[in-house]
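Read the structure below first, then the notes.
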Amino acid sequence: MQRIGVFICWCGSNIAATVDVERVAEIMKSEPGVVYSANYQYMCSENGQQLIKQAIKEHNLTGIVVGACSPRMHEATFRKAAEAAGLNPYMVEIANIREHCSWIHKDMEEATEKAVVLVRTAIAKVKLNAPLTAGESPVVKRALVIGGGIAGIQAALDIADAGFEVDIVEKNATIGGRMAQLDKTFPTLDCSACILTPKMVDCAQHEKIDILSYSEIEDVKGFVGNFSVTIRKKARYVDETKCTGCKICMEKCPSKKGLNTFNMGLNTRPAIHIPFAQAIPNVAVIDPEQCIKLKTGKCGICQKFCGVGAIDYEQKDTFIERQYGAIVVATGFKPISLESFNEYGYDDNKDVITSLELERLMNAAGPTNGVLLRPSDGEHPKVITFIQCVGSRDTSGCGKPYCSKVCCMYTAKHAMLIREKYPDTEVHVFYIDVRTPGKNYDEFFRRAVEQYGVDYIKGMVGKVYNENGKLMVQGSNLIDNEQVTIESDLVVLAAAIEPEPSVRKIATLLTASIDTNNFLTESHAKLRPVESPTAGVYLAGMCQGPKDIPETVSQASACAAKVIGLLVKDKLKTNPCVATPDEMMCNGCSQCANVCAYGAITYIDKEFRLGGGKTEVRRVASVNPAVCQGCGACTVTCPSGAMDLKGFSSKQIMSEVEAICKK
Amino acid sequence: MKDVEMKMLERAKALLGSGEVARVIGWKKGEFYFDPVPASFESVEELSDFVYNGFCGANLSKYLIQMSKKEGKTAIFLKPCDSYSFNQLVKEHRIVRENIHVIAIECQGKLDIEKIKAQGVSAVTEVEEDGDTVKVSSLYGETTLNKEDILLVKCATCKSKTHQAKDEEIVLHEMPESKNNRFDEVEKLEAMTETERFAFWKLQLQKCIRCNACRNVCPACSCIKCVFDNPASGIAAKANDSEFEEKLFHIIRAFHVAGRCTDCGECSRVCPQNIPLHLLNRKFIKDIDGLYGEYQAGETAEGKTPLTSYTEGDKEPNDVVDGEAK
């Protein structure tokens with residue numbers, strides 16, 4: 001006979017203000033199988049737990065139901081309490097009467113009625129629970145960092161410094177990411193490359209770090225502590241082990257008209273190239289779309305001139321499979337496409353540029369060697385107008401609903417740098433709001449206005465058009481309540497940022513959740529901000545949300561701390577709620593193995609007795625409990641209903657449904 | 001057709017006579033000309049009953065689940081459409097390919113005795129097919145009927161005349177091209193309003209007598225124990241306790257075979273109540289094609305199936321609105 005205990009939590013007034021907790025506890029006393037029912041102000045408190053422990057011992061409880069908050073909050077707490085009182089922790093069920101009930105209802109009568117049903121449902125389930133014991137799985141002491149920008153670099157360095165092997169997988173030919181493209185950084189105005197490149201070099205030199213550049217994630221299997229990742233090393237047509245980075249190939253290459261993507265397409269580069277001077281690895285790569293030899297079979301000049309024989313036109317993509325204990329996603333961002341923003345004339349006017357393009361135009365290693373010249377005619381622009389929030393905070397549907405967070409600061413930086421270097425230039429900034437929270441940030445912005453005389457205009461721009469070679473910026477000045485038109489030589493758009501699109505595929509491979517804006521979702525917005533809800537996956541940098549460099553670096557180091565905390569463990573406790581097949585029902589059709597994301601299901605030939613001394617050998621499914629993550633995909637796929645999940649059996653779920661439907 | 005039957009018999013005798021196979025699965029004479037029944041022949045003598053005529057519509061592939069596990073090799077005659085079911089069974093490890101010798105046979109479309117009766121011809125003693133017409137002999141004389149009017153539903157909407165699996169072939173005449181019209185009826189259903197559609201299925205499914213013929217004949221229904229026969233599944237009892245029983249049974253069955261159903265049409269052929277059950281499956285097939293790209297179950301015995309594999313291009317649930325892909 002089952003002896004169930006029910007514990008109803010008030011959660012202060014969180015539950016008790018909407019649910020009559022005393023009544024719920026009282027009603028439960030007469031539920032079949034329930035021998036004890038109580039309510040308490042904070043069940044998760046030391047005293048609340050004590051109450052549970054005592055009741056388990058005094059009433060010889062065989063299972064308990066806690067009516068409280070979401071199991072994501074305190075299931076572990078109550079399981080531990082039960083275990084301490086000698087009850088198997090998997091004999092605990094949580095009825096979520098807070099998030100699923102008190103928080104979403106106003107009427108006390110209705111909420112109380114619903115709470116009663118929810119607790120009854122949990123009782124129906126716990127009656128069918130069986131004691132389970134967690135197993136153990138080993139931890140592979142190696143981490144994978146996806147993305148080699150500042151976030152990935154910082155995470156990798158911190159993890160490697162703790163003594164663990166780290167692989168950085170970067171899809172471009174060099175690590176460095178977006179930060180390598182920036183000129184100066186706010187609020188200190190130090191040179192971006194000067195602070196980034198030493199870290200890139202550190203990565204290259206670190207004996208624990210392996211940089212897999214020009215590589216992409218092809219497949220991910222496994223789970224926390226035991227990921228198995230297939231990495232595609234794309235053919236770069238240059239032998240990485242031989243190339244010395246001498247750049248003779250770049251000089252000799254006859255196909256020089258490729259857009260230089262590192263310089264945001266503002267100038268050209270040869271088909272064979274090293275993206276920038278401090279690239280790591282300092283190894284050339286051939287763009288197969290542009291290379292004459294690869295397209296027509298005729299040329300081969302770079303191969304002739306290469307002193308070390310590094311050029312290999314026959315190179316193919318190769319695949320490597322490696323095991324990791326933890327994965328850091330640091331895939332970064334890109335500025336949004338401006339095709340839905342015709343009003344700013346970006347596509348029609350060469351002198352309407354994005355802020356990232358301006359970074360390259362101001363950079364000493366950029367297309368103009370750091371001299372600010374406008375793209376159309378190479379003249380010095382005398383009047384420059386910045387437009388903020390291009391696609392940010394946009395509820396029209398053309399852009400992004402969120403604030404891109406970094407634009408106010410970098411626009412102030414650009415304005416200030418231009419006024420500093422070219423004092424005869426007039427600089428206007430259109431803004432909706434100026435948002436500058438952060439250490440020394442508002443001071444920075446005020447310097448731009450007060451010391452550098454940048455003209456900030458509160459208002460939005462309606463239109464940018466070309467009139468007699470001048471860019472006319474038409475906008476409203478909300479402070480003076482008037483329409484203004486500013487005749488400009490250069491217009492700079494602070495385009496919204498969005499997550500690098502490849503993150504969608506990676507999120508899917510990792511089964512990591514993603515929000516409607518394609519930002520990866522953290523496990524808890526406040527308390528677990530660098531962890532993905534998928535165990536063993538951590539989030540650093542812009543892939544999780546807009547943030548600046550200091551925040552990115554902090555988040556990357558936080559990820560590293562989490563990864564190190566995981567990798568120092570030799571073994572992890574596994575989830576005992578795993579799938580098990582009923583071999584008598586299984587017909588070996590393989591559908592469950594096809595849907596298993598973890599590769600936990602294999603097949604064995606097993607002999608079965610048929611009666612009358614006869615036997616039959618049948619192919620049946622077999623689940624590796626150390627690999628199974630209990631997702632339940634197999635249980636719903638099996639047409640015979642042969643697969644079931646411990647702790648969430650079909651019978652348990654059906655009994656829950658029945659408890660809800662019963663009047 | 002007579003020459004095809006002769007050739008098949010000749011091969012069956014040779015295979016059994018030489019001991020190359022232990023049994024041959026084909027059709028034997030029934031009580032009447034128009035009801036040949038599936039049979040396993042284990043000796044040359046037993047073949048005296050062997051028959052192959054215009055009424056051999058049955059898909060024999062499911063018999064292999066038991067037969068291919070027996071001692072010795074099994075030969076089987078498969079029409080083009082049956083070969084899809086065969087591949088699907090191989091794919092799901094339900095039959096042992098190495099133990100089977102597949103003889104791919106000619107099919108000119110099989111006839112529906114009920115439709116012949118509906119044309120006013122009863123007591124059929126023989127039929128002779130000649131292109132688009134069929135000469136039907138009966139106790140009451142001879143009649144010539146339009147073949148299209150008396151084809152089985154599954155043959156009137158034949159999906160393919162290509163054998164997808166074979167070890168040898170007996171095809172003596174050209175087989176008519178398939179018409180690619182099998183989704184026409186589904187489209188009519190889709191064009192209905194929800195209320196009309198519900199009324200249609202309610203009317204059809206209330207005829208069901210739960211004889212389980214559709215399930216028992218279905219090559220995709222190959223579970224060791226069907227959930228409807230398993231009290232522990234919690235479904236069997238539920239299906240029984242409401243007026244919704246038949247609908248639940250057929251809808252669950254359609255879900256269970258979704259992505260695996262080759263559209264062999266046996267469910268509708270065997271239904272004693274003439275319920276167009278194949279339309280449920282065809283709706284699934286059409287939707288799968290629309291959502292995940294053209295897919296024909298049983299075309300091969302390997303490879304991934306759209307409902308149990310993931311690709312990046314897969315539709316997200318919120319891309320599907322009102323049952324249609326956005």
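Just so we're on the same page: first chain in the structure tokens is A, next is B, and so on; residues restart at 1 for each chain, and ligands are numbered from 1 in the order they show up.
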Exercise. If we count only C-alpha atoms, what is near Ala495 of chain A at a cut-off of 10 Å, once residues fewer than 2 positions away on the same chain are taken out, given as a list in words?
Worked result: Lys334, Pro335, Ile336, Ser337, Leu338, Ile353, Thr354, Ser355, Leu356, Ile387, Gln388, Cys389, Val390, Gly391, Ser392, Gly399, Ser404, Cys407, Val492, Leu493, Ile497 and Glu498 of chain A
Just need the residues of chain A within 10 Å of chain B, counting only C-alpha atoms, so spit them out as a compact mmCIF listing (two decimals) with all heavy atoms, in the first residue's frame.
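iface_1.txt, written as the output of this step:
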# COMPACT_ATOMS: atom_id res chain seq x y z
N ARG A 504 21.97 29.38 -36.24
CA ARG A 504 20.75 28.57 -36.28
C ARG A 504 21.08 27.09 -36.45
O ARG A 504 20.54 26.23 -35.78
CB ARG A 504 19.84 29.01 -37.42
CG ARG A 504 18.74 29.94 -36.99
CD ARG A 504 17.67 30.02 -38.04
NE ARG A 504 16.62 29.03 -37.79
CZ ARG A 504 15.65 29.20 -36.92
NH1 ARG A 504 15.57 30.30 -36.21
NH2 ARG A 504 14.74 28.27 -36.74
N LYS A 505 21.99 26.83 -37.38
CA LYS A 505 22.37 25.44 -37.62
C LYS A 505 23.06 24.88 -36.38
O LYS A 505 22.79 23.76 -35.94
CB LYS A 505 23.30 25.36 -38.83
CG LYS A 505 23.73 23.94 -39.12
CD LYS A 505 24.75 23.85 -40.25
CE LYS A 505 25.26 22.42 -40.35
NZ LYS A 505 26.40 22.30 -41.25
N THR A 508 20.70 24.10 -33.64
CA THR A 508 19.95 22.89 -33.94
C THR A 508 20.80 21.66 -33.64
O THR A 508 20.34 20.70 -33.02
CB THR A 508 19.53 22.89 -35.42
OG1 THR A 508 18.86 24.10 -35.68
CG2 THR A 508 18.62 21.73 -35.73
N LEU A 509 22.06 21.70 -34.08
CA LEU A 509 22.93 20.55 -33.84
C LEU A 509 23.13 20.31 -32.35
O LEU A 509 23.25 19.19 -31.88
CB LEU A 509 24.30 20.78 -34.51
CG LEU A 509 24.31 20.73 -36.04
CD1 LEU A 509 25.67 21.14 -36.57
CD2 LEU A 509 23.95 19.33 -36.53
N MET A 584 9.56 -7.97 -25.50
CA MET A 584 8.51 -8.86 -25.98
C MET A 584 7.65 -8.18 -27.05
O MET A 584 6.99 -8.82 -27.84
CB MET A 584 7.60 -9.30 -24.83
CG MET A 584 8.31 -10.10 -23.75
SD MET A 584 9.28 -11.45 -24.43
CE MET A 584 7.95 -12.56 -24.89
N MET A 585 7.69 -6.84 -27.05
CA MET A 585 6.85 -6.09 -27.99
C MET A 585 7.67 -5.54 -29.16
O MET A 585 7.12 -5.23 -30.21
CB MET A 585 6.21 -4.91 -27.27
CG MET A 585 5.40 -5.29 -26.07
SD MET A 585 3.68 -5.20 -26.45
CE MET A 585 3.53 -3.44 -26.66
N CYS A 586 8.96 -5.37 -28.96
CA CYS A 586 9.81 -4.72 -29.96
C CYS A 586 9.94 -5.60 -31.19
O CYS A 586 10.21 -6.79 -31.07
CB CYS A 586 11.19 -4.45 -29.35
SG CYS A 586 12.37 -3.83 -30.55
N ASN A 587 9.73 -5.00 -32.37
CA ASN A 587 9.92 -5.80 -33.58
C ASN A 587 11.18 -5.40 -34.35
O ASN A 587 11.36 -5.79 -35.49
CB ASN A 587 8.67 -5.79 -34.46
CG ASN A 587 8.37 -4.43 -35.05
OD1 ASN A 587 9.26 -3.59 -35.15
ND2 ASN A 587 7.13 -4.20 -35.44
N GLY A 588 12.01 -4.59 -33.72
CA GLY A 588 13.32 -4.28 -34.31
C GLY A 588 13.27 -3.45 -35.57
O GLY A 588 14.15 -3.54 -36.41
N CYS A 589 12.25 -2.58 -35.71
CA CYS A 589 12.07 -1.88 -36.98
C CYS A 589 13.05 -0.73 -37.18
O CYS A 589 13.13 -0.18 -38.26
CB CYS A 589 10.64 -1.36 -37.09
SG CYS A 589 10.28 0.07 -36.06
N SER A 590 13.77 -0.33 -36.12
CA SER A 590 14.82 0.71 -36.23
C SER A 590 14.32 2.14 -36.21
O SER A 590 15.11 3.06 -36.31
CB SER A 590 15.66 0.56 -37.50
OG SER A 590 16.62 -0.42 -37.31
N GLN A 591 13.04 2.34 -36.09
CA GLN A 591 12.57 3.73 -36.10
C GLN A 591 13.08 4.51 -34.90
O GLN A 591 13.41 5.68 -35.00
CB GLN A 591 11.05 3.77 -36.13
CG GLN A 591 10.50 3.21 -37.40
CD GLN A 591 9.11 3.74 -37.67
OE1 GLN A 591 8.93 4.87 -38.07
NE2 GLN A 591 8.12 2.93 -37.41
N CYS A 592 13.14 3.85 -33.74
CA CYS A 592 13.61 4.56 -32.54
C CYS A 592 15.06 4.98 -32.69
O CYS A 592 15.45 6.07 -32.31
CB CYS A 592 13.40 3.71 -31.29
SG CYS A 592 14.16 2.09 -31.35
N ALA A 593 15.87 4.08 -33.29
CA ALA A 593 17.29 4.43 -33.46
C ALA A 593 17.43 5.60 -34.43
O ALA A 593 18.31 6.44 -34.27
CB ALA A 593 18.06 3.22 -33.97
N ASN A 594 16.54 5.66 -35.42
CA ASN A 594 16.61 6.76 -36.39
C ASN A 594 16.35 8.10 -35.74
O ASN A 594 16.94 9.11 -36.12
CB ASN A 594 15.59 6.55 -37.51
CG ASN A 594 15.99 5.43 -38.44
OD1 ASN A 594 17.15 5.02 -38.46
ND2 ASN A 594 15.04 4.92 -39.20
N VAL A 595 15.45 8.15 -34.77
CA VAL A 595 15.13 9.44 -34.18
C VAL A 595 16.00 9.79 -32.98
O VAL A 595 15.99 10.91 -32.51
CB VAL A 595 13.65 9.56 -33.74
CG1 VAL A 595 12.72 9.47 -34.93
CG2 VAL A 595 13.30 8.53 -32.70
N CYS A 596 16.78 8.83 -32.49
CA CYS A 596 17.59 9.10 -31.29
C CYS A 596 18.71 10.07 -31.62
O CYS A 596 19.57 9.79 -32.44
CB CYS A 596 18.18 7.81 -30.73
SG CYS A 596 19.19 8.12 -29.26
N ALA A 597 18.67 11.24 -30.97
CA ALA A 597 19.66 12.27 -31.26
C ALA A 597 21.00 11.96 -30.59
O ALA A 597 22.00 12.61 -30.86
CB ALA A 597 19.14 13.62 -30.77
N GLU A 616 12.96 -18.54 -30.91
CA GLU A 616 13.05 -17.69 -32.09
C GLU A 616 14.09 -16.61 -31.80
O GLU A 616 14.11 -16.06 -30.70
CB GLU A 616 11.68 -17.05 -32.34
CG GLU A 616 11.65 -16.13 -33.53
CD GLU A 616 10.34 -15.35 -33.64
OE1 GLU A 616 9.92 -14.76 -32.63
OE2 GLU A 616 9.78 -15.32 -34.73
N VAL A 617 14.93 -16.32 -32.78
CA VAL A 617 15.89 -15.24 -32.60
C VAL A 617 15.31 -13.99 -33.25
O VAL A 617 14.91 -14.01 -34.41
CB VAL A 617 17.25 -15.59 -33.25
CG1 VAL A 617 18.20 -14.41 -33.15
CG2 VAL A 617 17.84 -16.81 -32.56
N ARG A 618 15.20 -12.94 -32.44
CA ARG A 618 14.62 -11.71 -32.96
C ARG A 618 15.56 -10.55 -32.73
O ARG A 618 16.32 -10.51 -31.77
CB ARG A 618 13.28 -11.41 -32.26
CG ARG A 618 12.11 -12.13 -32.89
CD ARG A 618 10.80 -11.46 -32.52
NE ARG A 618 10.45 -11.65 -31.12
CZ ARG A 618 10.31 -10.65 -30.27
NH1 ARG A 618 10.49 -9.40 -30.66
NH2 ARG A 618 9.98 -10.89 -29.01
N ARG A 619 15.44 -9.56 -33.61
CA ARG A 619 16.22 -8.34 -33.49
C ARG A 619 15.42 -7.38 -32.59
O ARG A 619 14.26 -7.08 -32.88
CB ARG A 619 16.35 -7.76 -34.91
CG ARG A 619 17.03 -6.46 -35.04
CD ARG A 619 16.86 -6.04 -36.52
NE ARG A 619 16.73 -4.60 -36.61
CZ ARG A 619 17.78 -3.78 -36.79
NH1 ARG A 619 18.98 -4.27 -36.95
NH2 ARG A 619 17.62 -2.49 -36.83
N ALA A 633 11.96 10.90 -27.39
CA ALA A 633 11.62 10.86 -28.82
C ALA A 633 11.30 9.45 -29.27
O ALA A 633 10.38 9.21 -30.04
CB ALA A 633 12.76 11.45 -29.66
N CYS A 634 12.05 8.47 -28.77
CA CYS A 634 11.84 7.08 -29.19
C CYS A 634 10.49 6.56 -28.73
O CYS A 634 9.83 5.80 -29.43
CB CYS A 634 12.98 6.20 -28.68
SG CYS A 634 13.21 6.27 -26.90
N THR A 637 7.84 7.57 -31.04
CA THR A 637 8.03 7.09 -32.40
C THR A 637 7.61 5.63 -32.54
O THR A 637 7.08 5.23 -33.57
CB THR A 637 9.50 7.25 -32.82
OG1 THR A 637 9.87 8.60 -32.65
CG2 THR A 637 9.72 6.84 -34.26
N CYS A 638 7.84 4.84 -31.51
CA CYS A 638 7.58 3.40 -31.59
C CYS A 638 6.09 3.12 -31.81
O CYS A 638 5.26 3.45 -30.97
CB CYS A 638 8.03 2.73 -30.29
SG CYS A 638 7.71 0.96 -30.31
N PRO A 639 5.75 2.55 -32.96
CA PRO A 639 4.32 2.32 -33.20
C PRO A 639 3.75 1.21 -32.30
O PRO A 639 2.55 1.19 -32.03
CB PRO A 639 4.25 1.91 -34.68
CG PRO A 639 5.62 1.65 -35.11
CD PRO A 639 6.58 2.13 -34.08
N SER A 640 4.63 0.32 -31.84
CA SER A 640 4.14 -0.78 -31.00
C SER A 640 3.99 -0.36 -29.55
O SER A 640 3.48 -1.12 -28.74
CB SER A 640 5.12 -1.95 -31.05
OG SER A 640 5.51 -2.22 -32.35
N GLY A 641 4.49 0.81 -29.21
CA GLY A 641 4.49 1.22 -27.81
C GLY A 641 5.43 0.37 -26.98
O GLY A 641 5.24 0.20 -25.78
N ALA A 642 6.49 -0.14 -27.62
CA ALA A 642 7.42 -1.00 -26.90
C ALA A 642 8.43 -0.20 -26.10
O ALA A 642 9.01 -0.70 -25.14
CB ALA A 642 8.17 -1.91 -27.88
N SER A 650 4.46 5.89 -20.23
CA SER A 650 3.18 6.22 -20.88
C SER A 650 2.05 6.03 -19.89
O SER A 650 1.09 6.80 -19.86
CB SER A 650 2.96 5.30 -22.08
OG SER A 650 4.03 5.42 -22.97
N LYS A 651 2.19 5.02 -19.05
CA LYS A 651 1.16 4.75 -18.06
C LYS A 651 1.03 5.92 -17.07
O LYS A 651 -0.07 6.33 -16.72
CB LYS A 651 1.54 3.49 -17.28
CG LYS A 651 0.43 2.48 -17.22
CD LYS A 651 0.86 1.26 -16.46
CE LYS A 651 -0.29 0.28 -16.40
NZ LYS A 651 0.13 -1.04 -16.03
N MET A 654 -0.56 8.83 -18.90
CA MET A 654 -2.00 8.59 -19.08
C MET A 654 -2.74 8.78 -17.77
O MET A 654 -3.85 9.34 -17.75
CB MET A 654 -2.23 7.16 -19.60
CG MET A 654 -1.87 6.96 -21.05
SD MET A 654 -2.80 8.04 -22.14
CE MET A 654 -3.81 6.86 -22.98
N SER A 655 -2.14 8.34 -16.67
CA SER A 655 -2.83 8.48 -15.39
C SER A 655 -2.92 9.95 -14.99
O SER A 655 -3.89 10.38 -14.37
CB SER A 655 -2.15 7.65 -14.30
OG SER A 655 -0.93 8.23 -13.94
For this session: Quote the spacing between atom CA of Leu87 of chain A and atom CA of Asn129 of chain A in Å to one decimal place.
Result: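 Separation of atom CA of Leu87 of chain A and atom CA of Asn129 of chain A: 12.3 Å.
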Problem set entry | Residue neighbourhood Ile275 of chain B, 12 Å, only C-alpha atoms, exclusion window fewer than 3 positions, as a list in words |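 Contacts, with the query itself left out: Val153, Phe200, Trp201, Lys202, Leu203, Gln204, Leu205, Gln206, Lys207, Cys208, Ile209, Arg210, Ala213, Cys214, Glu246, Lys247, His250, Gly265, Glu266, Cys267, Ser268, Arg269, Val270, Cys271, Pro272, His278, Leu279 and Leu280 of chain B.
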Exercise. Quick one: residues within 10 Å of Cys107 of chain B, only C-alpha atoms counted, chain neighbours fewer than 3 positions away excluded, as a list in words?
Worked result: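 Contacts, in chain order: Met1, Val4, Asn53, Gly54, Cys56, Gly57, Leu78, Lys79, Pro80, Cys81, Ala104, Lys110, Cys155, Lys161, Ile170, Val171, Leu172, His173, Glu174, Met175 and Pro176 of chain B.
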Just all heavy atoms for this one: save the residues we selected as a compact mmCIF listing (two decimals), in the first residue's frame.
# COMPACT_ATOMS: atom_id res chain seq x y z
N MET B 1 -2.52 -12.80 -70.63
CA MET B 1 -2.25 -13.08 -69.20
C MET B 1 -1.98 -14.57 -68.99
O MET B 1 -1.21 -14.96 -68.15
CB MET B 1 -3.46 -12.63 -68.37
CG MET B 1 -3.19 -12.46 -66.87
SD MET B 1 -1.69 -11.56 -66.41
CE MET B 1 -1.97 -9.94 -67.08
N VAL B 4 1.60 -15.39 -69.18
CA VAL B 4 2.33 -14.98 -67.98
C VAL B 4 2.16 -16.04 -66.90
O VAL B 4 3.12 -16.47 -66.25
CB VAL B 4 1.84 -13.60 -67.46
CG1 VAL B 4 2.57 -13.22 -66.18
CG2 VAL B 4 2.03 -12.54 -68.52
N ASN B 53 -4.38 -14.63 -62.33
CA ASN B 53 -5.32 -14.03 -63.28
C ASN B 53 -5.64 -12.59 -62.85
O ASN B 53 -5.01 -12.03 -61.95
CB ASN B 53 -6.59 -14.88 -63.37
CG ASN B 53 -7.34 -14.96 -62.05
OD1 ASN B 53 -7.26 -14.05 -61.22
ND2 ASN B 53 -8.08 -16.03 -61.84
N GLY B 54 -6.61 -12.04 -63.52
CA GLY B 54 -6.94 -10.62 -63.30
C GLY B 54 -7.46 -10.30 -61.91
O GLY B 54 -7.63 -9.13 -61.56
N CYS B 56 -5.90 -11.40 -59.09
CA CYS B 56 -4.83 -11.59 -58.09
C CYS B 56 -4.34 -10.24 -57.59
O CYS B 56 -3.17 -9.87 -57.76
CB CYS B 56 -3.68 -12.40 -58.69
SG CYS B 56 -4.15 -14.11 -59.00
N GLY B 57 -5.21 -9.49 -56.97
CA GLY B 57 -4.85 -8.16 -56.49
C GLY B 57 -4.07 -8.17 -55.19
O GLY B 57 -3.39 -7.20 -54.84
N LEU B 78 5.96 -10.88 -57.01
CA LEU B 78 5.59 -9.52 -56.61
C LEU B 78 5.24 -8.67 -57.81
O LEU B 78 6.00 -8.59 -58.78
CB LEU B 78 6.74 -8.85 -55.84
CG LEU B 78 7.13 -9.43 -54.48
CD1 LEU B 78 8.26 -8.59 -53.87
CD2 LEU B 78 5.95 -9.47 -53.51
N LYS B 79 4.08 -8.04 -57.73
CA LYS B 79 3.69 -7.07 -58.76
C LYS B 79 4.45 -5.77 -58.45
O LYS B 79 4.99 -5.61 -57.34
CB LYS B 79 2.18 -6.82 -58.68
CG LYS B 79 1.36 -8.10 -58.83
CD LYS B 79 -0.13 -7.81 -58.96
CE LYS B 79 -0.75 -7.27 -57.69
NZ LYS B 79 -0.78 -8.23 -56.57
N PRO B 80 4.50 -4.82 -59.38
CA PRO B 80 5.27 -3.60 -59.12
C PRO B 80 4.90 -2.93 -57.79
O PRO B 80 5.78 -2.58 -56.99
CB PRO B 80 4.93 -2.70 -60.30
CG PRO B 80 4.62 -3.65 -61.41
CD PRO B 80 3.96 -4.84 -60.77
N CYS B 81 3.61 -2.78 -57.52
CA CYS B 81 3.23 -2.06 -56.29
C CYS B 81 3.61 -2.86 -55.04
O CYS B 81 3.96 -2.29 -54.01
CB CYS B 81 1.74 -1.73 -56.30
SG CYS B 81 0.66 -3.15 -56.48
N ALA B 104 9.74 -10.74 -60.08
CA ALA B 104 8.93 -9.57 -60.42
C ALA B 104 8.01 -9.94 -61.57
O ALA B 104 8.46 -10.43 -62.60
CB ALA B 104 9.85 -8.42 -60.82
N LYS B 110 -5.43 -4.88 -61.70
CA LYS B 110 -6.27 -5.99 -61.25
C LYS B 110 -7.73 -5.55 -61.14
O LYS B 110 -8.04 -4.37 -60.94
CB LYS B 110 -5.75 -6.53 -59.91
CG LYS B 110 -4.35 -7.13 -60.02
CD LYS B 110 -4.33 -8.32 -60.96
CE LYS B 110 -2.90 -8.69 -61.35
NZ LYS B 110 -2.85 -9.63 -62.49
N CYS B 155 -5.69 0.10 -58.41
CA CYS B 155 -5.14 -0.04 -59.75
C CYS B 155 -5.56 1.11 -60.65
O CYS B 155 -4.83 1.51 -61.56
CB CYS B 155 -5.54 -1.37 -60.35
SG CYS B 155 -4.96 -2.75 -59.36
N LYS B 161 4.64 1.36 -62.44
CA LYS B 161 4.74 0.04 -63.06
C LYS B 161 6.20 -0.42 -63.05
O LYS B 161 6.60 -1.26 -63.85
CB LYS B 161 4.20 0.12 -64.50
CG LYS B 161 2.67 0.12 -64.55
CD LYS B 161 2.08 -1.24 -64.17
CE LYS B 161 0.64 -1.42 -64.57
NZ LYS B 161 -0.30 -0.60 -63.82
N ILE B 170 9.36 -11.65 -64.80
CA ILE B 170 8.50 -12.24 -65.83
C ILE B 170 7.55 -11.15 -66.31
O ILE B 170 6.48 -10.91 -65.75
CB ILE B 170 7.71 -13.45 -65.27
CG1 ILE B 170 8.69 -14.51 -64.76
CG2 ILE B 170 6.79 -14.02 -66.35
CD1 ILE B 170 8.04 -15.71 -64.11
N VAL B 171 8.01 -10.43 -67.31
CA VAL B 171 7.18 -9.39 -67.90
C VAL B 171 7.17 -9.66 -69.40
O VAL B 171 8.18 -9.49 -70.07
CB VAL B 171 7.73 -7.98 -67.60
CG1 VAL B 171 6.88 -6.91 -68.30
CG2 VAL B 171 7.73 -7.71 -66.09
N LEU B 172 6.03 -10.11 -69.92
CA LEU B 172 5.96 -10.52 -71.32
C LEU B 172 5.32 -9.47 -72.21
O LEU B 172 5.52 -9.46 -73.41
CB LEU B 172 5.19 -11.84 -71.44
CG LEU B 172 5.71 -13.00 -70.57
CD1 LEU B 172 4.86 -14.24 -70.77
CD2 LEU B 172 7.17 -13.30 -70.87
N HIS B 173 4.51 -8.60 -71.60
CA HIS B 173 3.88 -7.54 -72.39
C HIS B 173 4.16 -6.19 -71.74
O HIS B 173 4.46 -6.13 -70.56
CB HIS B 173 2.36 -7.74 -72.46
CG HIS B 173 1.96 -9.17 -72.69
ND1 HIS B 173 1.69 -10.03 -71.67
CD2 HIS B 173 1.83 -9.88 -73.84
CE1 HIS B 173 1.39 -11.23 -72.16
NE2 HIS B 173 1.48 -11.16 -73.49
N GLU B 174 4.01 -5.19 -72.55
CA GLU B 174 4.22 -3.85 -72.02
C GLU B 174 3.14 -3.55 -70.97
O GLU B 174 1.98 -3.92 -71.16
CB GLU B 174 4.12 -2.84 -73.15
CG GLU B 174 4.89 -1.58 -72.86
CD GLU B 174 4.80 -0.60 -74.02
OE1 GLU B 174 4.90 -1.06 -75.19
OE2 GLU B 174 4.59 0.58 -73.75
N MET B 175 3.53 -2.90 -69.88
CA MET B 175 2.54 -2.58 -68.84
C MET B 175 2.10 -1.13 -69.02
O MET B 175 2.93 -0.27 -69.32
CB MET B 175 3.15 -2.79 -67.45
CG MET B 175 3.42 -4.25 -67.14
SD MET B 175 3.94 -4.53 -65.45
CE MET B 175 5.68 -4.20 -65.52
N PRO B 176 0.81 -0.84 -68.86
CA PRO B 176 0.34 0.54 -69.08
C PRO B 176 0.99 1.51 -68.09
O PRO B 176 1.26 1.15 -66.95
CB PRO B 176 -1.17 0.44 -68.85
CG PRO B 176 -1.37 -0.79 -68.04
CD PRO B 176 -0.26 -1.73 -68.41
